[in-house]
Amino acid sequence: MKRNSSQKRAIAHLSGPMMVLAGPGSGKTSVIVERTAYMTGEGKIPSSSVLVVTFSRAAAVEMKERFLKFTGQGSTQVTFGTFHGVFYGILKQAYNLTSANILSEEEKNGILRELALNFGGELASEGDFTEEIAKEISMVKGNRISLEHYYSSCCPDEVFRQIYSAYGSALRERRKLDFDDMLLSCYELFDKRKDILQAWQKKFRYILVDEFQDINQLQYDIVRLLAQPENNLFIVGDDDQSIYHFRGARPEIMLNFTKDYPGAEKVVLDVNYRCSKRILASAMKVIGGNKTRFQKELSTPNPEGEPVRICEYANPREEYLSVTAELRKRMEQGENLENTAVLLRTNQEAEGLIAAFMERQIPFTMKEKLPNLFQHWICRNLLAYMHFAQGERSRKLFLEIMNRPNRYISRDSVASDREISFDRMRDFYKDKDWMCDRLTTMETHLRILKGLPPYAAINFIRKGMGYEEYLQEYALYRKIKPEELGEILDRLSESAKGMNTLKEWEEYIEEYTRKLEEQAGRQKKEGVQISTLHGAKGLEYDQVYILNVNEGSIPYRKAVLTPAVEEERRLFYVGMTRARKHLTLCYVKKQYEKEREPSRFLKEAGL
């Protein structure tokens with residue numbers, strides 16, 4: 001391929017710091033590969049002193065393969081690796097570590113589950129609590145935040161601090177490091193042992209960092225130490241595609257690079273070889289709405305192309321069926337759908353779409369594993385209520401529902417029961433009239449529940465039995481918006497509509513789960529790609545549909561402050577620039593009987 005002048009400048013850069021701002025579709029991987037080849041070839045730099053770092057193992061492997069193919073070599077001494085892989089190698093040499101010292105994800109989840117129960121009690125045992133805690137621990141370590149200055153967004157601060165400290169102790173006892181510790185320990189090693197740091201500085205005299213906009217503070221601090229004193233640091237990234245704040249990535253690190261390295265050269269790869277002119281123009285209008293960014297204008301040699309299409313639908317079901325019908329028609333005309341992607345803001349939104357695809361037999365591949373709505377703990381609670389009302393009286397079922405909402409029933413009252421008896425419980429509480437009244441009310445509610453079909457039963461549990469109040473309490477404890485849990489209930493209600501019996505609903509759940517597992521086990525990529533906007537980064541397709549471009553979805557309802565809205569804008573920009581030839585943006589007017597507004601980003605795009 002012929003290289004444009006910006007690409008040539010970046011490829012021929014040998015020493016000193018350089019920042020390459022690479023817009024979407026601007027050939028950044030080729031630039032990294034060819035610059036590495038130029039350095040080790042014409043630049044006469046020894047291969048063993050070059051380090052190329054990226055974020056995923058797949059990207060590192062692809063980069064190495066492309067380098068070997070480009071240079072026609074069978075092997076190379078250039079190090080291509082991930083941050084964790086490179087830092088683990090350094091620690092391994094310093095401390096004789098083995099893989100046995102690295103904490104597995106399974107062990108980590110086990111420790112965190114136990115600590116969540118110890119310090120967070122009943123409410124912390126629900127849902128995705130351990131996942132959220134794990135993310136926050138990672139955030140604290142990755143940004144080197146002191147614990148007293150960190151405010152948890154998933155539970156009371158005191159609970160988070162107790163879990164964080166106990167988790168650290170558990171790791172020390174087991175002599176294990178988690179992923180973030182690999183970085184922390186590496187930083188501490190370099191800080192204390194200047195001799196070891198110098199040895200590695202001599203080894204890696206030239207460092208290239210890909211996807212630099214995704215770097216966190218700790219990774220950057222270590223890279224800066226490694227690059228001294230020569231500072232042959234070549235960074236490639238796009239501040240407009242920084243979308244991993246939840247992993248600790250901050251665009252400011254990239255925006256401040258030229259302050260940290262005042263002599264750094266700067267090159268902008270501003271030619272997009274992917275999108276049509278119209279798609280690129282709309283995307284540039286959107287990203288232009290962000291204030292915190294490097295100002296840049298991208299152009300493309302590609303044709304004008306078709307206008308970006310906007311579609312309005314009455315509700316998500318209509319949206320999913322319409323997109324499905326369009327894809328079905330293209331399939332029947334003999335078109336291959338592998339170059340088509342349907343993108344969504346969150347995984348959960350894919351449910352109705354997948355159901356529509358299954359109905360109309362549209363082949364698809366899901367990029368991420370779709371969380372199964374019917375395995376959510378709220379669904380488990382609802383099913384437990386319905387089964388208990390139908391006459392199943394096991395202790396396990398009762399423990400699931402007895403204090404949701406809180407009825408102050410103690411486990412001791414059913415300690416010896418395998419079969420639950422309300423009379424026995426009343427006997428246990430015979431001195432407490434108010435408790436006996438509660439049990440009688442619960443029994444009456446269960447009798448009403450028994451005669452209701454699933455949709456009505458869910459509504460009665462929500463409104464008549466106080467389950468929504470329990471969720472409000474839970475949301476308060478977990479610092480999440482009650483609407484999020486309300487939405488899970490709405491989605492479960494929606495799926496139960498039209499089902500006459502519990503058996504019928506459970507058969508539907510079983511069939512849906514089976515198809516989902518079948519899909520997850522499928523190795524071959526086929527048909528339409530379904531992905532979240534995050535999952536689509538780095539990929540490209542001829543046709544892209546972005547669904548639910550509504551306020552509350554894109555931008556997501558949690559994004560209230562300006563930096564969060566700017567990140568949502570970047571995410572939408574990433575989605576738009578995945579499309580080569582056709583881009584369709586869809587929004588709905590109503591969902592779960594509530595009005596929905598189209599996204600402000602559509603207006604910004606001039607659409």
# chains A, B, ... in the order shown; residues from 1 in each chain; ligands from 1
>>> closest_atom_pairs(of="segment 52-89 of chain A", to="segment 93-116 of chain A", cutoff="12 Å", atoms="only C-alpha atoms", output="Markdown table")
| residue | atom | partner | partner_atom | distance |
| --- | --- | --- | --- | --- |
| A:His84 | CA | A:Ile102 | CA | 11.4 |
| A:Gly85 | CA | A:Ser99 | CA | 11.7 |
| A:Val86 | CA | A:Gln93 | CA | 11.2 |
| A:Phe87 | CA | A:Gln93 | CA | 10.1 |
| A:Tyr88 | CA | A:Leu97 | CA | 8.5 |
| A:Gly89 | CA | A:Gln93 | CA | 6.5 |
>>> residues_around(residues="Pro405 of chain A", least_positions_apart="3", cutoff="12 Å", atoms="only C-alpha atoms", output="list of chain:residue names")
A:Leu123, A:Asn381, A:Tyr385, A:Leu399, A:Glu400, A:Ile401, A:Met402, A:Tyr408, A:Ile409, A:Arg438, A:Met442, A:Ile461, A:Arg462, A:Lys463, A:Gly464, A:Met465, A:Gly466, A:Tyr467, A:Glu468, A:Glu469, A:Tyr470, A:Leu471, A:Gln472, A:Glu473, A:Tyr474
>>> closest_atom_pairs(of="segment 249-276 of chain A", to="segment 24-27 of chain A", cutoff="9 Å", atoms="only C-alpha atoms", output="CSV")
residue,atom,partner,partner_atom,distance
A:Leu269,CA,A:Ser26,CA,5.9
A:Asp270,CA,A:Ser26,CA,6.7
A:Val271,CA,A:Ser26,CA,5.5
A:Asn272,CA,A:Ser26,CA,4.7
A:Tyr273,CA,A:Gly25,CA,5.4
A:Arg274,CA,A:Gly25,CA,5.1
A:Cys275,CA,A:Gly25,CA,7.6
>>> closest_residue(among="A:Ala249, A:Ile163, A:Ile458, A:Val560", to="Ser495 of chain A", atoms="only C-alpha atoms")
A:Ile458
>>> residues_around(residues="Arg580 of chain A", least_positions_apart="6", cutoff="10 Å", atoms="only C-alpha atoms", output="ChimeraX atom specification")
/A:25,273-277,279-280,302,305,339,540-544
>>> residues_around(residues="segment 600-605 of chain A", least_positions_apart="3", cutoff="10 Å", atoms="only C-alpha atoms", output="MDAnalysis selection string")
chainID A and resid 279 281:289 308 310 549:551 554:555 568:569 572:573 585:587 597
>>> atom_distance(atom1="atom CA of Glu319 of chain A", atom2="atom CA of Ile362 of chain A")
15.4 Å
>>> residues_around(residues="Lys8 of chain A", least_positions_apart="6", cutoff="12 Å", atoms="only C-alpha atoms", output="VMD selection string")
chain A and resid 1 to 2 14 20 27 to 28 30 to 32 34 to 35 38 267 to 269
>>> select_by_dssp(residues="segment 99-147 of chain A", states="helix (DSSP H, G or I)", output="PyMOL selection string")
chain A and resi 99-101+105-124+129-142+147
>>> write_last_selection(atoms="C-alpha atoms", output="compact mmCIF listing (two decimals), in the first residue's frame")
# COMPACT_ATOMS: atom_id res chain seq x y z
CA SER A 99 2.32 -19.32 37.48
CA ALA A 100 1.39 -20.81 40.87
CA ASN A 101 1.91 -17.33 42.37
CA GLU A 105 -10.08 -15.67 38.37
CA GLU A 106 -11.87 -18.55 40.09
CA GLU A 107 -9.88 -18.14 43.32
CA LYS A 108 -10.36 -14.39 43.19
CA ASN A 109 -14.14 -14.71 42.86
CA GLY A 110 -14.22 -17.25 45.69
CA ILE A 111 -12.31 -14.94 48.06
CA LEU A 112 -14.44 -11.93 47.15
CA ARG A 113 -17.72 -13.84 47.52
CA GLU A 114 -16.73 -14.91 51.01
CA LEU A 115 -15.64 -11.38 51.99
CA ALA A 116 -18.83 -9.90 50.54
CA LEU A 117 -20.88 -12.14 52.82
CA ASN A 118 -18.67 -11.42 55.86
CA PHE A 119 -18.75 -7.65 55.52
CA GLY A 120 -21.78 -6.91 53.36
CA GLY A 121 -24.31 -9.41 54.72
CA GLU A 122 -27.45 -10.55 52.88
CA LEU A 123 -27.68 -7.65 50.44
CA ALA A 124 -24.14 -8.16 49.19
CA PHE A 129 -21.80 -7.49 43.68
CA THR A 130 -18.50 -9.43 43.62
CA GLU A 131 -17.92 -8.40 39.99
CA GLU A 132 -18.44 -4.74 40.83
CA ILE A 133 -16.18 -4.98 43.89
CA ALA A 134 -13.46 -6.62 41.75
CA LYS A 135 -13.66 -3.73 39.24
CA GLU A 136 -13.36 -1.15 42.00
CA ILE A 137 -10.38 -2.88 43.64
CA SER A 138 -8.73 -2.84 40.22
CA MET A 139 -9.52 0.86 39.80
CA VAL A 140 -7.96 1.73 43.20
CA LYS A 141 -4.78 -0.24 42.45
CA GLY A 142 -4.48 0.82 38.80
CA LEU A 147 -8.04 3.98 50.19
>>> closest_residue(among="A:Asn4, A:Thr440, A:Leu492, A:Ala475", to="Pro301 of chain A", atoms="only C-alpha atoms")
A:Asn4
>>> select_by_dssp(residues="segment 220-324 of chain A", states="strand (DSSP E or B)", output="PyMOL selection string")
chain A and resi 233-237+265-269+271+299+309-313
>>> atom_distance(atom1="atom CA of Gly237 of chain A", atom2="atom CA of Leu183 of chain A")
21.2 Å
>>> closest_residue(among="A:His582, A:Gln228, A:Arg9, A:Leu533", to="Arg278 of chain A", atoms="only C-alpha atoms")
A:His582
>>> closest_residue(among="A:Phe364, A:Tyr545, A:Phe428, A:Tyr477", to="Glu326 of chain A", atoms="only C-alpha atoms")
A:Tyr545
>>> residues_around(residues="segment 46-58 of chain A", least_positions_apart="5", cutoff="9 Å", atoms="only C-alpha atoms", output="PyMOL selection string")
chain A and resi 32+36+39-41+63+76-86+202-212+214-215
>>> closest_residue(among="A:Phe190, A:Tyr320, A:Trp200, A:Tyr592", to="Phe357 of chain A", atoms="only C-alpha atoms")
A:Tyr320
